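This report refers to the structure that appears directly beneath it.
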Amino acid sequence: MSKSSGFLEKLRKYAILGGGKDRIKLQHKKGKLTARERIYDLVDSDSFQEIGLFASQEINTSENGKSTAYGDGVITGKAEINGRPVYLFAQDFTVMGGSVGKIHGKKIARIMDLAIQNGAPLIGLNDSGGARIQEGVNSLAAYGDIFYRNVQASGVIPQISIILGPCAGGAVYSPAITDFVFMVEGTSQMFITGPGVIKEVTHEEIDVESLGGAEIHHAQSGVVHFKAPDEKTIMEQVRWLLSYLPSNNLAPPPIINSADDPQRLTPKLADVVPQQPNEPYDIHRVIEILVDNSEFLEIQQGYAENIVIGFARLDGIPIGIVANQPDHYAGVLDINASDKGARFIRFCDSFHIPVITLVDTPGFLPGIEQEHEGIIRHGAKMIFAYAEATIPKITLILRKAYGGAYIVMGSKHLAGDQNFAWPQTEIAVMGPEGAVKILHRKALASSADPDLLQKELSSAYREKLASPFLAAAEGHIDDIISPEETRSRIIQSLHMFRDKRLPTPNRKHGNIPL
């Protein structure tokens with residue numbers, strides 16, 4: 001080995017240590033991995049190629065070319081996950097707390113450019129103290145450059161943010177723009193202003209976990225899509241998510257050879273879904289019976305639980321599922337459910353992932369709070385998302401679909417490609433009981449036995465005005481199918497529409513009701 005190569009090797013080892021052994025020990029003491037350890041846990045073995053190892057603000061030539069901060073607090077490069085290319089950055093908390101400065105920002109911006117240019121997913125492992133105060137406006141400029149690229153990459157490549165430490169201020173906005181956000185319980189936090197600032201300004205007292213911990217953002221704010229008890233589980237979730245996604249908006253989703261027979265009958269579905277329209281059941285059981293090998297990756301599991309979204313496969317084809325959850329608020333649509341469903345549909349549409357919609361809903365949630373908080377505006381997002389989407393859209397009404405929620409949930413009127421219903425389903429402006437009370441108010445009031453009359457009139461309404469055969473006669477439903485043939489018929493429809501091409505209006509973009 002030559003003298004120069006020996007010196008280079010020594011310098012490389014020095015740079016790889018980041019903030020040094022003592023700070024690495026401190027990171028481990030907090031129950032956190034280092035940036036490099038996280039990368040190696042996430043990507044395929046020996047696939048990581050680092051870019052910008054020696055990037056630095058300052059080099060002290062009196063110390064043989066050494067810098068006190070090689071890498072400037074972030075590791076960037078290219079790797080493979082499940083044999084497919086990804087670009088990623090991992091903020092190194094051992095170097096200046098992973099704070100974002102001029103060079104740090106340039107490294108992230110560069111790796112984002114490469115991801116867009118090469119059509120590969122971008123993954124950010126975030127563990128940062130925020131903007132580097134001592135660099136002033138340069139640190140803010142760095143964030144601006146990152147935000148701009150997040151927006152340019154949106155709908156072009158999948159963007160994934162993994163929160164692995166406290167993220168405050170500007171550090172939270174880049175993850176918020178990305179497609180999916182992951183957090184670790186106990187060690188990850190996200191907030192615009194910390195507890196100290198809040199106490200000073202509003203006199204409210206709160207700890208970091210209650211303010212912006214994983215559980216808060218997973219169950220209450222809806223900011224986070226996945227949470228896990230440890231970093232290892234998070235990395236496994238990211239790998240699983242990527243297995244459903246194409247590398248970019250010009251590539252098809254990754255189809256695999258499924259061991260699950262596409263012609264498999266599903267008679268158990270008839271037992272899972274009760275005949276009584278108001279009896280609750282868990283929609284997860286329906287999904288598990290329908291999809292390949294019962295594998296379903298649910299997204300935002302703890303948020304707006306009255307709607308269920310996530311990825312699965314049918315005959316090896318990746319699909320997005322949007323389903324009402326009768327086991328939570330009877331499966332009504334409300335503000336949060338509308339936001340959750342609309343954004344997921346738009347993601348699927350961006351990356352050519354067909355959407356299967358499973359409908360069992362009594363309508364939109366009534367109430368003063370919902371109206372005052374803007375259910376009209378939020379519910380319109382679902383209409384916009386379904387109507388805008390040009391991917392294959394296949395809808396099945398399981399039991400009931402009333403009022404505006406019938407239209408919103410992937411109906412034929414919003415350009416559904418294939419719309420099915422089971423024989424016992426009810427499709428109407430409202431449920432039979434409520435409709436009868438309005439239509440026959442006087443007769444019920446004067447009846448000697450109003451309960452019996454209500455029952456008779458409701459039965460007649462159900463048969464004459466709520467039958468799926470009436471909707472099928474008008475062409476609003478393509479076919480009435482039995483529960484046992486549901487899986488095979490949906491798969492047939494997927495293959496029928498897999499090469500779908502639909503021209504869109506010549507416009508810059510629509511104006512979704514945000």
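Ordering of the structure tokens sets the chain letters (A, B, ...); residue numbers start at 1 within each chain; ligands are numbered from 1 in the order shown.
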
Using only C-alpha atoms, tabulate the residues of segment 67-100 of chain A lying at most 8 Å from any atom of segment 8-16 of chain A, each with its closest atom pair and that distance in Å to one decimal, by chain and increasing residue number, as a Markdown table.
| residue | atom | partner | partner_atom | distance |
| --- | --- | --- | --- | --- |
| A:Ala69 | CA | A:Ala15 | CA | 7.8 |
| A:Tyr70 | CA | A:Ala15 | CA | 5.4 |
| A:Gly71 | CA | A:Ala15 | CA | 7.2 |

Can you tell me which residues surround Asn336 of chain A at a distance of at most 12 Å, considering only C-alpha atoms, apart from same-chain residues fewer than 5 positions away, and format the answer as a compact mmCIF listing (two decimals) with C-alpha atoms, in the first residue's frame?
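Writing done, so here's result_14.txt:
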# COMPACT_ATOMS: atom_id res chain seq x y z
CA ALA A 219 -53.91 8.20 16.20
CA GLN A 220 -54.80 11.87 16.52
CA SER A 221 -53.16 14.17 13.96
CA GLY A 222 -52.87 11.70 11.08
CA VAL A 223 -49.38 12.98 10.21
CA GLN A 300 -52.72 4.97 9.09
CA GLY A 302 -54.88 4.22 14.20
CA TYR A 303 -56.31 7.30 12.45
CA ALA A 304 -59.89 7.76 11.21
CA GLU A 305 -60.63 4.10 11.85
CA ASN A 306 -64.03 4.34 10.17
CA ILE A 307 -62.18 3.96 6.86
CA VAL A 308 -59.46 1.40 6.13
CA GLY A 341 -59.09 8.23 1.81
CA ALA A 342 -58.59 11.06 -0.69
CA ARG A 343 -54.84 11.34 -0.24
CA PHE A 364 -71.72 11.08 6.10
CA LEU A 365 -71.52 11.72 9.84
CA GLN A 370 -68.66 18.24 11.50
CA GLU A 373 -65.28 22.09 10.78
CA GLY A 374 -65.97 21.81 7.04
CA ILE A 375 -67.29 18.34 6.22
CA ARG A 377 -65.03 20.78 1.90
CA HIS A 378 -63.36 17.64 3.24
CA GLY A 379 -65.95 15.26 1.80
CA LYS A 381 -61.86 15.78 -1.51
CA MET A 382 -63.05 12.19 -1.87

Which of segment 344-382 of chain A counts as helix (DSSP H, G or I) under DSSP, as a list in words please?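 Filtering segment 344-382 of chain A to helix (DSSP H, G or I) leaves Phe344, Ile345, Arg346, Phe347, Cys348, Asp349, Ser350, Ile368, Glu369, Gln370, Glu371, His372, Glu373, Ile375, Ile376, Arg377, His378, Gly379, Ala380, Lys381 and Met382 of chain A.
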
For N, CA and C atoms, I'd like the residues from the last selection saved as an mmCIF file, in the first residue's frame.
data_model
loop_
_atom_site.group_PDB
_atom_site.id
_atom_site.type_symbol
_atom_site.label_atom_id
_atom_site.label_comp_id
_atom_site.auth_asym_id
_atom_site.auth_seq_id
_atom_site.Cartn_x
_atom_site.Cartn_y
_atom_site.Cartn_z
ATOM 1 N N PHE A 344 -54.816 8.907 -0.123
ATOM 2 C CA PHE A 344 -54.368 7.573 -0.529
ATOM 3 C C PHE A 344 -54.759 7.277 -1.976
ATOM 4 N N ILE A 345 -55.973 7.636 -2.351
ATOM 5 C CA ILE A 345 -56.425 7.422 -3.735
ATOM 6 C C ILE A 345 -55.531 8.190 -4.704
ATOM 7 N N ARG A 346 -55.188 9.418 -4.339
ATOM 8 C CA ARG A 346 -54.340 10.232 -5.226
ATOM 9 C C ARG A 346 -52.928 9.653 -5.340
ATOM 10 N N PHE A 347 -52.421 9.076 -4.243
ATOM 11 C CA PHE A 347 -51.116 8.412 -4.336
ATOM 12 C C PHE A 347 -51.200 7.237 -5.302
ATOM 13 N N CYS A 348 -52.208 6.393 -5.129
ATOM 14 C CA CYS A 348 -52.357 5.230 -6.011
ATOM 15 C C CYS A 348 -52.472 5.669 -7.470
ATOM 16 N N ASP A 349 -53.220 6.736 -7.719
ATOM 17 C CA ASP A 349 -53.391 7.224 -9.085
ATOM 18 C C ASP A 349 -52.066 7.718 -9.666
ATOM 19 N N SER A 350 -51.233 8.338 -8.825
ATOM 20 C CA SER A 350 -49.937 8.841 -9.286
ATOM 21 C C SER A 350 -49.025 7.716 -9.766
ATOM 22 N N ILE A 368 -73.214 19.127 14.348
ATOM 23 C CA ILE A 368 -72.821 20.534 14.280
ATOM 24 C C ILE A 368 -71.318 20.675 14.115
ATOM 25 N N GLU A 369 -70.556 19.900 14.896
ATOM 26 C CA GLU A 369 -69.094 20.014 14.834
ATOM 27 C C GLU A 369 -68.572 19.693 13.442
ATOM 28 N N GLN A 370 -69.095 18.615 12.841
ATOM 29 C CA GLN A 370 -68.657 18.240 11.499
ATOM 30 C C GLN A 370 -68.969 19.342 10.486
ATOM 31 N N GLU A 371 -70.145 19.908 10.576
ATOM 32 C CA GLU A 371 -70.530 20.973 9.637
ATOM 33 C C GLU A 371 -69.658 22.209 9.817
ATOM 34 N N HIS A 372 -69.437 22.590 11.068
ATOM 35 C CA HIS A 372 -68.648 23.798 11.333
ATOM 36 C C HIS A 372 -67.166 23.606 11.009
ATOM 37 N N GLU A 373 -66.687 22.361 11.100
ATOM 38 C CA GLU A 373 -65.280 22.088 10.781
ATOM 39 C C GLU A 373 -65.056 21.854 9.285
ATOM 40 N N ILE A 375 -67.090 19.647 6.846
ATOM 41 C CA ILE A 375 -67.287 18.343 6.219
ATOM 42 C C ILE A 375 -67.605 18.476 4.733
ATOM 43 N N ILE A 376 -68.244 19.564 4.342
ATOM 44 C CA ILE A 376 -68.542 19.780 2.912
ATOM 45 C C ILE A 376 -67.245 19.824 2.112
ATOM 46 N N ARG A 377 -66.311 20.630 2.602
ATOM 47 C CA ARG A 377 -65.025 20.784 1.903
ATOM 48 C C ARG A 377 -64.215 19.491 1.938
ATOM 49 N N HIS A 378 -64.170 18.855 3.098
ATOM 50 C CA HIS A 378 -63.358 17.636 3.236
ATOM 51 C C HIS A 378 -63.976 16.465 2.476
ATOM 52 N N GLY A 379 -65.297 16.328 2.553
ATOM 53 C CA GLY A 379 -65.950 15.263 1.798
ATOM 54 C C GLY A 379 -65.760 15.430 0.301
ATOM 55 N N ALA A 380 -65.702 16.671 -0.152
ATOM 56 C CA ALA A 380 -65.480 16.941 -1.581
ATOM 57 C C ALA A 380 -64.119 16.448 -2.053
ATOM 58 N N LYS A 381 -63.173 16.308 -1.132
ATOM 59 C CA LYS A 381 -61.858 15.778 -1.513
ATOM 60 C C LYS A 381 -61.969 14.341 -2.032
ATOM 61 N N MET A 382 -62.853 13.564 -1.412
ATOM 62 C CA MET A 382 -63.047 12.186 -1.870
ATOM 63 C C MET A 382 -63.646 12.172 -3.270
#

Could you give me, as JSON lines, every segment 22-116 of chain A residue with an atom at most 10 Å from segment 148-154 of chain A, plus its closest atom pair and distance in Å to one decimal, counting only C-alpha atoms, rows ordered by chain then number?
{"residue": "A:Ile108", "atom": "CA", "partner": "A:Arg149", "partner_atom": "CA", "distance": 9.8}
{"residue": "A:Ala109", "atom": "CA", "partner": "A:Arg149", "partner_atom": "CA", "distance": 7.1}
{"residue": "A:Arg110", "atom": "CA", "partner": "A:Arg149", "partner_atom": "CA", "distance": 9.7}
{"residue": "A:Met112", "atom": "CA", "partner": "A:Arg149", "partner_atom": "CA", "distance": 6.8}
{"residue": "A:Asp113", "atom": "CA", "partner": "A:Arg149", "partner_atom": "CA", "distance": 7.5}
{"residue": "A:Ala115", "atom": "CA", "partner": "A:Ala153", "partner_atom": "CA", "distance": 8.6}
{"residue": "A:Ile116", "atom": "CA", "partner": "A:Ala153", "partner_atom": "CA", "distance": 6.3}

Those residues you just picked out, can you put them in a file as a CSV table (one decimal), in the first residue's frame with C-alpha atoms?
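What landed in out_28.csv:
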chain,number,residue,atom,x,y,z
A,108,ILE,CA,-29.6,16.2,0.6
A,109,ALA,CA,-30.7,18.3,-2.4
A,110,ARG,CA,-28.1,16.5,-4.6
A,112,MET,CA,-32.9,14.2,-4.3
A,113,ASP,CA,-32.0,15.3,-7.7
A,115,ALA,CA,-33.4,10.1,-7.3
A,116,ILE,CA,-35.7,12.2,-9.6

Which neighbours of Gly410 of chain A fall inside 7 Å, counting only C-alpha atoms, when residues of the same chain fewer than 2 positions from it are skipped, and could you give them as a list of chain:residue names?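 Result of the neighbour search: A:Thr357, A:Tyr386, A:Thr395, A:Ile407, A:Val408, A:Lys412, A:Leu414, A:Gly416.
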
Could you give me, as a PDB file with N, CA and C atoms, in the first residue's frame, the residues within 8 Å of Thr486 of chain A, counting only C-alpha atoms and dropping anything in the same chain fewer than 3 positions from it?
ATOM      1  N   LEU A 265     -62.594 -19.639  -4.582  1.00  0.00           N
ATOM      2  CA  LEU A 265     -63.906 -19.173  -4.159  1.00  0.00           C
ATOM      3  C   LEU A 265     -63.841 -18.634  -2.734  1.00  0.00           C
ATOM      4  N   THR A 266     -64.760 -17.719  -2.418  1.00  0.00           N
ATOM      5  CA  THR A 266     -64.735 -17.059  -1.107  1.00  0.00           C
ATOM      6  C   THR A 266     -66.099 -17.146  -0.416  1.00  0.00           C
ATOM      7  N   LEU A 290     -60.296 -11.958   0.816  1.00  0.00           N
ATOM      8  CA  LEU A 290     -60.236 -11.602  -0.609  1.00  0.00           C
ATOM      9  C   LEU A 290     -58.834 -11.651  -1.195  1.00  0.00           C
ATOM     10  N   ILE A 481     -73.223  -9.967  -7.994  1.00  0.00           N
ATOM     11  CA  ILE A 481     -72.416 -11.183  -7.864  1.00  0.00           C
ATOM     12  C   ILE A 481     -72.630 -11.802  -6.479  1.00  0.00           C
ATOM     13  N   SER A 482     -72.303 -13.078  -6.365  1.00  0.00           N
ATOM     14  CA  SER A 482     -72.420 -13.765  -5.076  1.00  0.00           C
ATOM     15  C   SER A 482     -71.132 -13.582  -4.285  1.00  0.00           C
ATOM     16  N   PRO A 483     -71.208 -13.668  -2.961  1.00  0.00           N
ATOM     17  CA  PRO A 483     -69.992 -13.545  -2.148  1.00  0.00           C
ATOM     18  C   PRO A 483     -68.896 -14.534  -2.534  1.00  0.00           C
ATOM     19  N   ARG A 489     -64.066 -12.578  -9.579  1.00  0.00           N
ATOM     20  CA  ARG A 489     -64.630 -11.538 -10.441  1.00  0.00           C
ATOM     21  C   ARG A 489     -63.821 -10.236 -10.359  1.00  0.00           C
ATOM     22  N   ILE A 490     -63.340  -9.893  -9.179  1.00  0.00           N
ATOM     23  CA  ILE A 490     -62.514  -8.689  -9.061  1.00  0.00           C
ATOM     24  C   ILE A 490     -61.197  -8.874  -9.806  1.00  0.00           C
TER      25      ILE A 490
END

Check the smallest atom-to-atom distance from each of A:Thr76, A:Ser210, A:Gln325, A:Thr193 to Ala35 of chain A using only C-alpha atoms, then report the winner.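 Answer, going by the shortest atom-to-atom distance: A:Thr76.
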
With distances taken over only C-alpha atoms, which of A:Gly31, A:Gly431, A:Pro450, A:Gly20 is nearest to Lys232 of chain A?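 Selected residue with least distance to Lys232 of chain A: A:Gly31.
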
Just list the residues in segment 405-502 of chain A DSSP gives strand (DSSP E or B) on the backbone, as a list of chain:residue names.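 DSSP-assigned strand (DSSP E or B) residues in segment 405-502 of chain A: A:Gln418, A:Asn419, A:Phe420, A:Ala421, A:Glu426, A:Ile427, A:Ala428, A:Asp479, A:Ile480.
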
Can you list every residue of segment 105-218 of chain A that has an atom at most 12 Å from segment 21-30 of chain A, with its nearest atom pair and the distance in Å to one decimal, using only C-alpha atoms, ordered by chain then number, as a tab-separated table?
residue	atom	partner	partner_atom	distance
A:Asp127	CA	A:Gln27	CA	11.0
A:Leu164	CA	A:Lys30	CA	11.4
A:Gly165	CA	A:Lys30	CA	10.1
A:Gly186	CA	A:Lys30	CA	10.4
A:Thr187	CA	A:Lys30	CA	8.3
A:Ser188	CA	A:Lys30	CA	11.5

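If only C-alpha atoms are the atoms counted, then among A:Ile491, A:Tyr461, A:Ala228, A:Glu279 the closest residue to Gly316 of chain A is A:Ile491.
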
Compare A:Pro121, A:Gly105, A:Gly97, A:Pro254 by their minimum atom-to-atom distance to Ile81 of chain A, counting only C-alpha atoms, and give me the closest one. A:Pro121

Out of A:Glu484, A:Pro503, A:Ile177, A:Ala131, which residue has the shortest atom-to-atom distance to Leu269 of chain A when counting only C-alpha atoms?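 Of all the options, A:Glu484 lies closest to Leu269 of chain A.
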